[in-house]
$ cat entry13.tsv   # TSV, C-alpha atoms and all ligand atoms
chain	number	residue	atom	x	y	z
A	77	MET	CA	38.64	-85.38	81.07
A	78	ALA	CA	38.53	-81.78	82.32
A	79	SER	CA	37.62	-79.12	79.80
A	80	ALA	CA	40.25	-79.24	77.08
A	81	ILE	CA	40.23	-75.49	76.72
A	82	ALA	CA	40.76	-74.69	80.39
A	83	THR	CA	44.45	-73.97	79.91
A	84	ASP	CA	45.70	-71.22	77.67
A	85	TYR	CA	49.00	-71.03	75.85
A	86	THR	CA	51.54	-68.96	77.74
A	87	ASN	CA	55.05	-67.79	77.02
A	88	GLU	CA	56.23	-68.45	80.55
A	89	VAL	CA	59.96	-69.28	80.79
A	90	LYS	CA	62.68	-69.47	83.42
A	91	VAL	CA	65.04	-66.48	83.38
A	92	SER	CA	68.79	-67.11	83.71
A	93	PRO	CA	71.99	-65.29	82.68
A	94	GLU	CA	72.95	-68.02	80.17
A	95	VAL	CA	73.71	-66.73	76.64
A	96	ALA	CA	72.97	-68.91	73.60
A	97	SER	CA	75.75	-69.88	71.23
A	98	PHE	CA	74.09	-70.10	67.84
A	99	SER	CA	75.61	-71.95	64.92
A	100	PRO	CA	78.14	-70.01	62.79
A	101	GLU	CA	75.61	-69.94	59.93
A	102	VAL	CA	72.89	-68.42	62.09
A	103	LEU	CA	75.34	-65.95	63.61
A	104	ALA	CA	76.36	-64.87	60.10
A	105	GLU	CA	72.68	-64.33	59.21
A	106	ILE	CA	72.13	-62.39	62.43
A	107	ASN	CA	75.07	-60.12	61.61
A	108	ALA	CA	73.78	-59.63	58.05
A	109	HIS	CA	70.37	-58.53	59.37
A	110	VAL	CA	71.90	-56.17	61.93
A	111	ALA	CA	74.11	-54.62	59.23
A	112	LYS	CA	70.99	-53.49	57.32
A	113	TYR	CA	70.21	-50.89	59.98
A	114	PRO	CA	72.07	-47.76	61.11
A	115	PRO	CA	74.13	-48.40	64.28
A	116	ASP	CA	71.68	-46.42	66.42
A	117	ARG	CA	68.67	-48.28	64.96
A	118	LYS	CA	69.87	-51.85	65.41
A	119	ARG	CA	66.84	-52.71	67.51
A	120	SER	CA	64.74	-52.55	64.34
A	121	ALA	CA	66.21	-55.95	63.49
A	122	LEU	CA	64.62	-57.55	66.53
A	123	ILE	CA	61.57	-59.19	64.96
A	124	PRO	CA	63.49	-60.51	61.91
A	125	LEU	CA	66.08	-61.94	64.31
A	126	LEU	CA	63.50	-63.59	66.53
A	127	LEU	CA	61.91	-65.23	63.48
A	128	LEU	CA	65.32	-66.21	62.14
A	129	VAL	CA	66.27	-67.95	65.37
A	130	ILE	CA	62.94	-69.76	65.52
A	131	HIS	CA	63.14	-71.02	61.97
A	132	ARG	CA	66.84	-71.86	61.91
A	133	GLU	CA	67.50	-73.18	65.39
A	134	HIS	CA	65.07	-75.24	67.45
A	135	GLY	CA	61.66	-73.78	66.60
A	136	TYR	CA	61.67	-71.48	69.61
A	137	VAL	CA	63.65	-68.78	71.36
A	138	ASP	CA	64.58	-69.55	74.94
A	139	ASN	CA	65.98	-67.36	77.68
A	140	ALA	CA	69.56	-67.88	76.45
A	141	GLY	CA	68.51	-66.87	72.94
A	142	VAL	CA	66.86	-63.73	74.26
A	143	ASN	CA	70.06	-62.81	76.10
A	144	CYS	CA	72.13	-63.38	72.97
A	145	LEU	CA	69.87	-61.18	70.82
A	146	ALA	CA	69.92	-58.44	73.45
A	147	GLN	CA	73.73	-58.47	73.31
A	148	LYS	CA	73.78	-58.47	69.50
A	149	LEU	CA	71.37	-55.52	69.32
A	150	GLU	CA	72.85	-53.73	72.32
A	151	ILE	CA	69.44	-53.39	73.95
A	152	GLN	CA	68.02	-54.37	77.32
A	153	VAL	CA	66.98	-57.98	77.81
A	154	GLN	CA	63.51	-56.80	78.84
A	155	ASP	CA	63.14	-55.04	75.48
A	156	VAL	CA	63.56	-58.40	73.75
A	157	TRP	CA	61.13	-60.03	76.18
A	158	GLU	CA	58.50	-57.33	75.60
A	159	THR	CA	58.47	-57.99	71.86
A	160	ALA	CA	58.97	-61.75	71.98
A	161	THR	CA	56.12	-62.38	74.41
A	162	PHE	CA	53.71	-60.04	72.59
A	163	TYR	CA	53.50	-62.06	69.36
A	164	SER	CA	52.08	-65.58	69.43
A	165	MET	CA	54.20	-66.46	66.37
A	166	ILE	CA	57.31	-66.16	68.56
A	167	ASN	CA	57.53	-69.48	70.37
A	168	MET	CA	59.26	-69.22	73.72
A	169	HIS	CA	59.29	-72.96	74.40
A	170	PRO	CA	59.45	-76.10	72.27
A	171	VAL	CA	56.42	-76.84	70.11
A	172	GLY	CA	55.41	-79.92	68.16
A	173	LYS	CA	56.09	-80.58	64.49
A	174	TYR	CA	52.62	-79.17	63.84
A	175	HIS	CA	51.79	-76.11	65.91
A	176	ILE	CA	48.01	-75.69	65.78
A	177	GLN	CA	47.09	-72.14	66.73
A	178	VAL	CA	43.35	-71.67	67.09
A	179	CYS	CA	42.12	-68.09	67.11
A	180	LYS	CA	40.15	-67.41	70.31
A	181	THR	CA	39.21	-63.79	69.64
A	182	LEU	CA	35.69	-62.42	69.23
A	183	SER	CA	34.62	-63.44	65.71
A	184	CYS	CA	36.05	-66.92	66.08
A	185	ARG	CA	34.76	-67.25	69.64
A	186	VAL	CA	31.16	-66.45	68.70
A	187	ARG	CA	31.33	-68.75	65.68
A	188	GLY	CA	32.37	-71.84	67.60
A	189	GLU	CA	36.05	-71.62	68.52
A	190	GLU	CA	35.53	-73.38	71.84
A	191	GLU	CA	33.88	-76.36	70.18
A	192	ILE	CA	36.67	-76.50	67.58
A	193	THR	CA	39.43	-76.30	70.20
A	194	GLU	CA	37.78	-78.90	72.39
A	195	HIS	CA	37.38	-81.20	69.39
A	196	ILE	CA	41.04	-80.87	68.41
A	197	CYS	CA	42.21	-81.40	71.98
A	198	ASN	CA	39.98	-84.42	72.47
A	199	ARG	CA	41.24	-85.98	69.26
A	200	LEU	CA	44.85	-85.44	70.27
A	201	GLY	CA	44.35	-86.27	73.97
A	202	ILE	CA	45.90	-83.04	75.23
A	203	HIS	CA	44.80	-79.67	76.59
A	204	ALA	CA	45.37	-76.32	74.90
A	205	GLY	CA	48.91	-75.24	75.72
A	206	GLU	CA	50.24	-78.81	75.60
A	207	THR	CA	52.18	-80.97	73.16
A	208	THR	CA	51.40	-84.60	72.38
A	209	PRO	CA	53.87	-87.09	73.94
A	210	ASP	CA	55.26	-87.97	70.49
A	211	GLY	CA	56.13	-84.29	69.90
A	212	LYS	CA	53.94	-84.12	66.81
A	213	PHE	CA	51.23	-81.63	67.78
A	214	THR	CA	51.03	-78.55	69.99
A	215	VAL	CA	47.69	-76.80	70.45
A	216	SER	CA	47.58	-73.12	71.37
A	217	ARG	CA	44.73	-70.62	71.63
A	218	VAL	CA	45.91	-67.29	70.26
A	219	GLU	CA	44.61	-63.79	69.65
A	220	CYS	CA	43.12	-62.63	66.33
A	221	LEU	CA	45.01	-63.90	63.28
A	222	GLY	CA	43.40	-61.36	60.96
A	223	SER	CA	41.02	-63.71	59.20
A	224	CYS	CA	37.87	-62.74	61.10
A	225	GLY	CA	35.62	-62.92	58.02
A	226	THR	CA	36.26	-66.66	57.74
A	227	ALA	CA	35.88	-67.51	61.43
A	228	PRO	CA	36.39	-69.86	63.10
A	229	MET	CA	39.92	-70.42	61.89
A	230	MET	CA	43.31	-71.77	62.89
A	231	GLN	CA	46.88	-71.57	61.68
A	232	ILE	CA	49.15	-74.59	61.33
A	233	GLY	CA	52.70	-73.65	60.39
A	234	PHE	CA	52.31	-70.99	57.72
A	235	ASP	CA	48.89	-72.23	56.53
A	236	TYR	CA	45.50	-70.78	57.43
A	237	HIS	CA	42.50	-73.10	57.73
A	238	GLU	CA	39.22	-71.20	57.69
A	239	ASP	CA	35.45	-71.65	58.08
A	240	LEU	CA	36.24	-74.59	60.35
A	241	THR	CA	33.80	-77.31	61.29
A	242	THR	CA	34.61	-80.44	63.26
A	243	GLU	CA	34.41	-82.43	60.02
A	244	LYS	CA	36.87	-80.10	58.34
A	245	VAL	CA	39.20	-80.33	61.33
A	246	ASN	CA	39.12	-84.12	61.11
A	247	LYS	CA	40.20	-84.02	57.47
A	248	ILE	CA	43.00	-81.56	58.25
A	249	LEU	CA	44.33	-83.61	61.17
A	250	ASP	CA	44.12	-86.82	59.14
A	251	SER	CA	46.25	-85.22	56.43
A	252	LEU	CA	49.10	-84.33	58.82
A	253	LYS	CA	51.71	-87.09	58.84
B	301	LIG	S1	38.74	-63.09	65.44
B	301	LIG	FE1	39.59	-64.95	64.70
B	301	LIG	S2	40.77	-64.30	62.99
B	301	LIG	FE2	40.05	-62.46	63.87

$ encode --input "entry13.tsv" --output "structure tokens"
Amino acid sequence: MASAIATDYTNEVKVSPEVASFSPEVLAEINAHVAKYPPDRKRSALIPLLLLVIHREHGYVDNAGVNCLAQKLEIQVQDVWETATFYSMINMHPVGKYHIQVCKTLSCRVRGEEEITEHICNRLGIHAGETTPDGKFTVSRVECLGSCGTAPMMQIGFDYHEDLTTEKVNKILDSLK
């Protein structure tokens, strides 16, 4: 198997003019968020809306979702892209039930991130940036998650797992059903 960490996570997507039609419930929540801001400051709702769409729709924001949010906020599509692709917590494509984000930045890198990532990928039989065929796990290598003092670390869902060793990783993966 080629190095499991050869491929990095990317937010690459296909651009098209399609506009998402979110559920009435999500649209109502979008409108409620937008209403919190003055009409000329609607764009301030962008990050809350991106997170809302991710958590209430399919776990990610696609091109059609980006177009819809740009319309709702009356901003340029590229403004949505700039923000959405900057943050690794904004998924731009489908991810598994468990999205394992391993920090690859300096502190984690020098304290063994590559070994941890390779171990995870070997256990799951995928490369970084890929999802297991059963849709259960996605592995991504991301920038600093702000827990440098407990490197190496990873985030799964909303949970941080710190001071990682391969043994600790095994226990964590075994606990994920
Ligand atoms: S360098 Fe890994 S959490 Fe900051």

$ residues_near_ligand --input "entry13.tsv" --ligand "ligand LIG 301 (chain B)" --cutoff "7 Å" --atoms "all atoms listed in the file" --output "ChimeraX atom specification"
/A:179-184,220-224,227-229

$ closest_residue --input "entry13.tsv" --among "A:Ala121, A:Ile151, A:Lys173, A:Glu194" --to "Gly135 (chain A)" --atoms "all atoms listed in the file"
A:Lys173

$ atom_distance --input "entry13.tsv" --atom1 "CA of Ala204 (chain A)" --atom2 "CA of Glu191 (chain A)"
12.4 Å

$ axis_aligned_box --input "entry13.tsv" --around "region 121-138 of chain A" --padding-each-side "6 Å" --output "lines of an AutoDock Vina configuration file"
center_x = 64.5
center_y = -65.6
center_z = 68.4
size_x = 17.9
size_y = 31.3
size_z = 25.0

$ closest_residue --input "entry13.tsv" --among "A:Ala111, A:Ala160, A:Val215, A:Val171" --to "Gly141 (chain A)" --atoms "only C-alpha atoms"
A:Ala160

$ closest_residue --input "entry13.tsv" --among "A:Met230, A:Leu240, A:Val129, A:Asp250" --to "Leu200 (chain A)" --atoms "all atoms listed in the file"
A:Asp250

$ atom_distance --input "entry13.tsv" --atom1 "CA of Val178 (chain A)" --atom2 "CA of Ser216 (chain A)"
6.2 Å

$ closest_atom_pairs --input "entry13.tsv" --of "region 122-187 of chain A" --to "region 91-108 of chain A" --cutoff "8 Å" --atoms "only C-alpha atoms" --output "Markdown table"
| residue | atom | partner | partner_atom | distance |
| --- | --- | --- | --- | --- |
| A:Leu125 | CA | A:Ile106 | CA | 6.4 |
| A:Leu128 | CA | A:Ile106 | CA | 7.8 |
| A:Val129 | CA | A:Val102 | CA | 7.4 |
| A:Arg132 | CA | A:Val102 | CA | 7.0 |
| A:Glu133 | CA | A:Phe98 | CA | 7.7 |
| A:Asn139 | CA | A:Val91 | CA | 5.8 |
| A:Ala140 | CA | A:Val95 | CA | 4.3 |
| A:Gly141 | CA | A:Ala96 | CA | 4.9 |
| A:Val142 | CA | A:Val95 | CA | 7.8 |
| A:Asn143 | CA | A:Val95 | CA | 5.4 |
| A:Cys144 | CA | A:Val95 | CA | 5.2 |

$ closest_residue --input "entry13.tsv" --among "A:Cys197, A:Ile176, A:Ile192, A:Val218" --to "Gln231 (chain A)" --atoms "all atoms listed in the file"
A:Ile176

$ atom_distance --input "entry13.tsv" --atom1 "CA of Asp239 (chain A)" --atom2 "CA of Gly188 (chain A)"
10.0 Å

$ closest_residue --input "entry13.tsv" --among "A:Thr161, A:Thr214, A:Gln154, A:Thr193" --to "His175 (chain A)" --atoms "all atoms listed in the file"
A:Thr214

$ closest_residue --input "entry13.tsv" --among "A:His131, A:His109, A:Arg187, A:Lys118" --to "Asn167 (chain A)" --atoms "only C-alpha atoms"
A:His131

$ decode --input "entry13.tsv" --residues "region 206-239 of chain A" --atoms "N, CA and C atoms" --output "PDB file, in the first residue's frame"
ATOM      1  N   GLU A 206     -10.032  10.133   2.215  1.00  0.00           N
ATOM      2  CA  GLU A 206     -10.998   9.149   1.693  1.00  0.00           C
ATOM      3  C   GLU A 206     -11.988   8.715   2.773  1.00  0.00           C
ATOM      4  N   THR A 207     -13.062   8.076   2.303  1.00  0.00           N
ATOM      5  CA  THR A 207     -14.093   7.528   3.186  1.00  0.00           C
ATOM      6  C   THR A 207     -14.149   6.012   2.984  1.00  0.00           C
ATOM      7  N   THR A 208     -14.359   5.284   4.059  1.00  0.00           N
ATOM      8  CA  THR A 208     -14.455   3.824   3.930  1.00  0.00           C
ATOM      9  C   THR A 208     -15.670   3.463   3.070  1.00  0.00           C
ATOM     10  N   PRO A 209     -15.619   2.342   2.359  1.00  0.00           N
ATOM     11  CA  PRO A 209     -16.724   1.964   1.456  1.00  0.00           C
ATOM     12  C   PRO A 209     -18.081   1.879   2.159  1.00  0.00           C
ATOM     13  N   ASP A 210     -18.093   1.559   3.453  1.00  0.00           N
ATOM     14  CA  ASP A 210     -19.378   1.472   4.169  1.00  0.00           C
ATOM     15  C   ASP A 210     -19.867   2.838   4.643  1.00  0.00           C
ATOM     16  N   GLY A 211     -19.121   3.902   4.316  1.00  0.00           N
ATOM     17  CA  GLY A 211     -19.551   5.258   4.689  1.00  0.00           C
ATOM     18  C   GLY A 211     -19.392   5.569   6.157  1.00  0.00           C
ATOM     19  N   LYS A 212     -18.669   4.738   6.884  1.00  0.00           N
ATOM     20  CA  LYS A 212     -18.580   4.945   8.337  1.00  0.00           C
ATOM     21  C   LYS A 212     -17.499   5.943   8.743  1.00  0.00           C
ATOM     22  N   PHE A 213     -16.340   5.880   8.094  1.00  0.00           N
ATOM     23  CA  PHE A 213     -15.217   6.722   8.514  1.00  0.00           C
ATOM     24  C   PHE A 213     -14.667   7.551   7.349  1.00  0.00           C
ATOM     25  N   THR A 214     -14.380   8.808   7.632  1.00  0.00           N
ATOM     26  CA  THR A 214     -13.592   9.650   6.721  1.00  0.00           C
ATOM     27  C   THR A 214     -12.375  10.111   7.502  1.00  0.00           C
ATOM     28  N   VAL A 215     -11.216  10.082   6.869  1.00  0.00           N
ATOM     29  CA  VAL A 215      -9.996  10.572   7.530  1.00  0.00           C
ATOM     30  C   VAL A 215      -9.514  11.816   6.796  1.00  0.00           C
ATOM     31  N   SER A 216      -9.291  12.875   7.532  1.00  0.00           N
ATOM     32  CA  SER A 216      -8.762  14.115   6.963  1.00  0.00           C
ATOM     33  C   SER A 216      -7.569  14.570   7.792  1.00  0.00           C
ATOM     34  N   ARG A 217      -6.632  15.223   7.131  1.00  0.00           N
ATOM     35  CA  ARG A 217      -5.520  15.880   7.846  1.00  0.00           C
ATOM     36  C   ARG A 217      -5.814  17.366   7.776  1.00  0.00           C
ATOM     37  N   VAL A 218      -5.902  18.022   8.930  1.00  0.00           N
ATOM     38  CA  VAL A 218      -6.330  19.411   8.971  1.00  0.00           C
ATOM     39  C   VAL A 218      -5.293  20.281   9.685  1.00  0.00           C
ATOM     40  N   GLU A 219      -5.489  21.574   9.558  1.00  0.00           N
ATOM     41  CA  GLU A 219      -4.578  22.514  10.227  1.00  0.00           C
ATOM     42  C   GLU A 219      -4.901  22.572  11.720  1.00  0.00           C
ATOM     43  N   CYS A 220      -4.049  23.275  12.456  1.00  0.00           N
ATOM     44  CA  CYS A 220      -4.095  23.334  13.926  1.00  0.00           C
ATOM     45  C   CYS A 220      -5.522  23.448  14.473  1.00  0.00           C
ATOM     46  N   LEU A 221      -5.833  22.572  15.431  1.00  0.00           N
ATOM     47  CA  LEU A 221      -7.152  22.576  16.064  1.00  0.00           C
ATOM     48  C   LEU A 221      -7.101  23.222  17.446  1.00  0.00           C
ATOM     49  N   GLY A 222      -5.992  23.892  17.730  1.00  0.00           N
ATOM     50  CA  GLY A 222      -5.910  24.692  18.959  1.00  0.00           C
ATOM     51  C   GLY A 222      -5.675  23.878  20.216  1.00  0.00           C
ATOM     52  N   SER A 223      -5.147  22.695  20.073  1.00  0.00           N
ATOM     53  CA  SER A 223      -4.862  21.872  21.250  1.00  0.00           C
ATOM     54  C   SER A 223      -3.399  21.422  21.212  1.00  0.00           C
ATOM     55  N   CYS A 224      -2.534  22.371  20.860  1.00  0.00           N
ATOM     56  CA  CYS A 224      -1.125  22.066  20.590  1.00  0.00           C
ATOM     57  C   CYS A 224      -0.413  21.483  21.812  1.00  0.00           C
ATOM     58  N   GLY A 225      -0.828  21.874  23.007  1.00  0.00           N
ATOM     59  CA  GLY A 225      -0.172  21.403  24.233  1.00  0.00           C
ATOM     60  C   GLY A 225      -0.416  19.930  24.501  1.00  0.00           C
ATOM     61  N   THR A 226      -1.384  19.340  23.815  1.00  0.00           N
ATOM     62  CA  THR A 226      -1.683  17.917  24.018  1.00  0.00           C
ATOM     63  C   THR A 226      -1.511  17.145  22.708  1.00  0.00           C
ATOM     64  N   ALA A 227      -0.548  17.618  21.900  1.00  0.00           N
ATOM     65  CA  ALA A 227      -0.252  16.963  20.620  1.00  0.00           C
ATOM     66  C   ALA A 227       0.383  15.591  20.847  1.00  0.00           C
ATOM     67  N   PRO A 228       0.180  14.654  19.906  1.00  0.00           N
ATOM     68  CA  PRO A 228      -0.666  14.769  18.721  1.00  0.00           C
ATOM     69  C   PRO A 228      -2.136  14.542  19.081  1.00  0.00           C
ATOM     70  N   MET A 229      -3.007  15.157  18.302  1.00  0.00           N
ATOM     71  CA  MET A 229      -4.429  15.065  18.634  1.00  0.00           C
ATOM     72  C   MET A 229      -5.273  14.963  17.368  1.00  0.00           C
ATOM     73  N   MET A 230      -6.527  14.582  17.572  1.00  0.00           N
ATOM     74  CA  MET A 230      -7.477  14.528  16.459  1.00  0.00           C
ATOM     75  C   MET A 230      -8.865  14.884  16.977  1.00  0.00           C
ATOM     76  N   GLN A 231      -9.721  15.264  16.067  1.00  0.00           N
ATOM     77  CA  GLN A 231     -11.110  15.570  16.406  1.00  0.00           C
ATOM     78  C   GLN A 231     -12.006  14.581  15.668  1.00  0.00           C
ATOM     79  N   ILE A 232     -12.969  14.020  16.388  1.00  0.00           N
ATOM     80  CA  ILE A 232     -13.973  13.156  15.757  1.00  0.00           C
ATOM     81  C   ILE A 232     -15.323  13.725  16.157  1.00  0.00           C
ATOM     82  N   GLY A 233     -16.080  14.198  15.179  1.00  0.00           N
ATOM     83  CA  GLY A 233     -17.320  14.909  15.509  1.00  0.00           C
ATOM     84  C   GLY A 233     -16.965  16.146  16.306  1.00  0.00           C
ATOM     85  N   PHE A 234     -17.591  16.273  17.491  1.00  0.00           N
ATOM     86  CA  PHE A 234     -17.293  17.433  18.337  1.00  0.00           C
ATOM     87  C   PHE A 234     -16.250  17.111  19.408  1.00  0.00           C
ATOM     88  N   ASP A 235     -15.748  15.882  19.436  1.00  0.00           N
ATOM     89  CA  ASP A 235     -14.863  15.447  20.520  1.00  0.00           C
ATOM     90  C   ASP A 235     -13.387  15.544  20.139  1.00  0.00           C
ATOM     91  N   TYR A 236     -12.587  16.042  21.079  1.00  0.00           N
ATOM     92  CA  TYR A 236     -11.136  16.063  20.911  1.00  0.00           C
ATOM     93  C   TYR A 236     -10.538  14.821  21.580  1.00  0.00           C
ATOM     94  N   HIS A 237      -9.556  14.223  20.917  1.00  0.00           N
ATOM     95  CA  HIS A 237      -8.807  13.104  21.479  1.00  0.00           C
ATOM     96  C   HIS A 237      -7.339  13.520  21.451  1.00  0.00           C
ATOM     97  N   GLU A 238      -6.723  13.548  22.630  1.00  0.00           N
ATOM     98  CA  GLU A 238      -5.411  14.186  22.754  1.00  0.00           C
ATOM     99  C   GLU A 238      -4.341  13.219  23.261  1.00  0.00           C
ATOM    100  N   ASP A 239      -3.075  13.698  23.192  1.00  0.00           N
ATOM    101  CA  ASP A 239      -1.935  12.872  23.620  1.00  0.00           C
ATOM    102  C   ASP A 239      -2.027  11.480  22.995  1.00  0.00           C
TER     103      ASP A 239
END
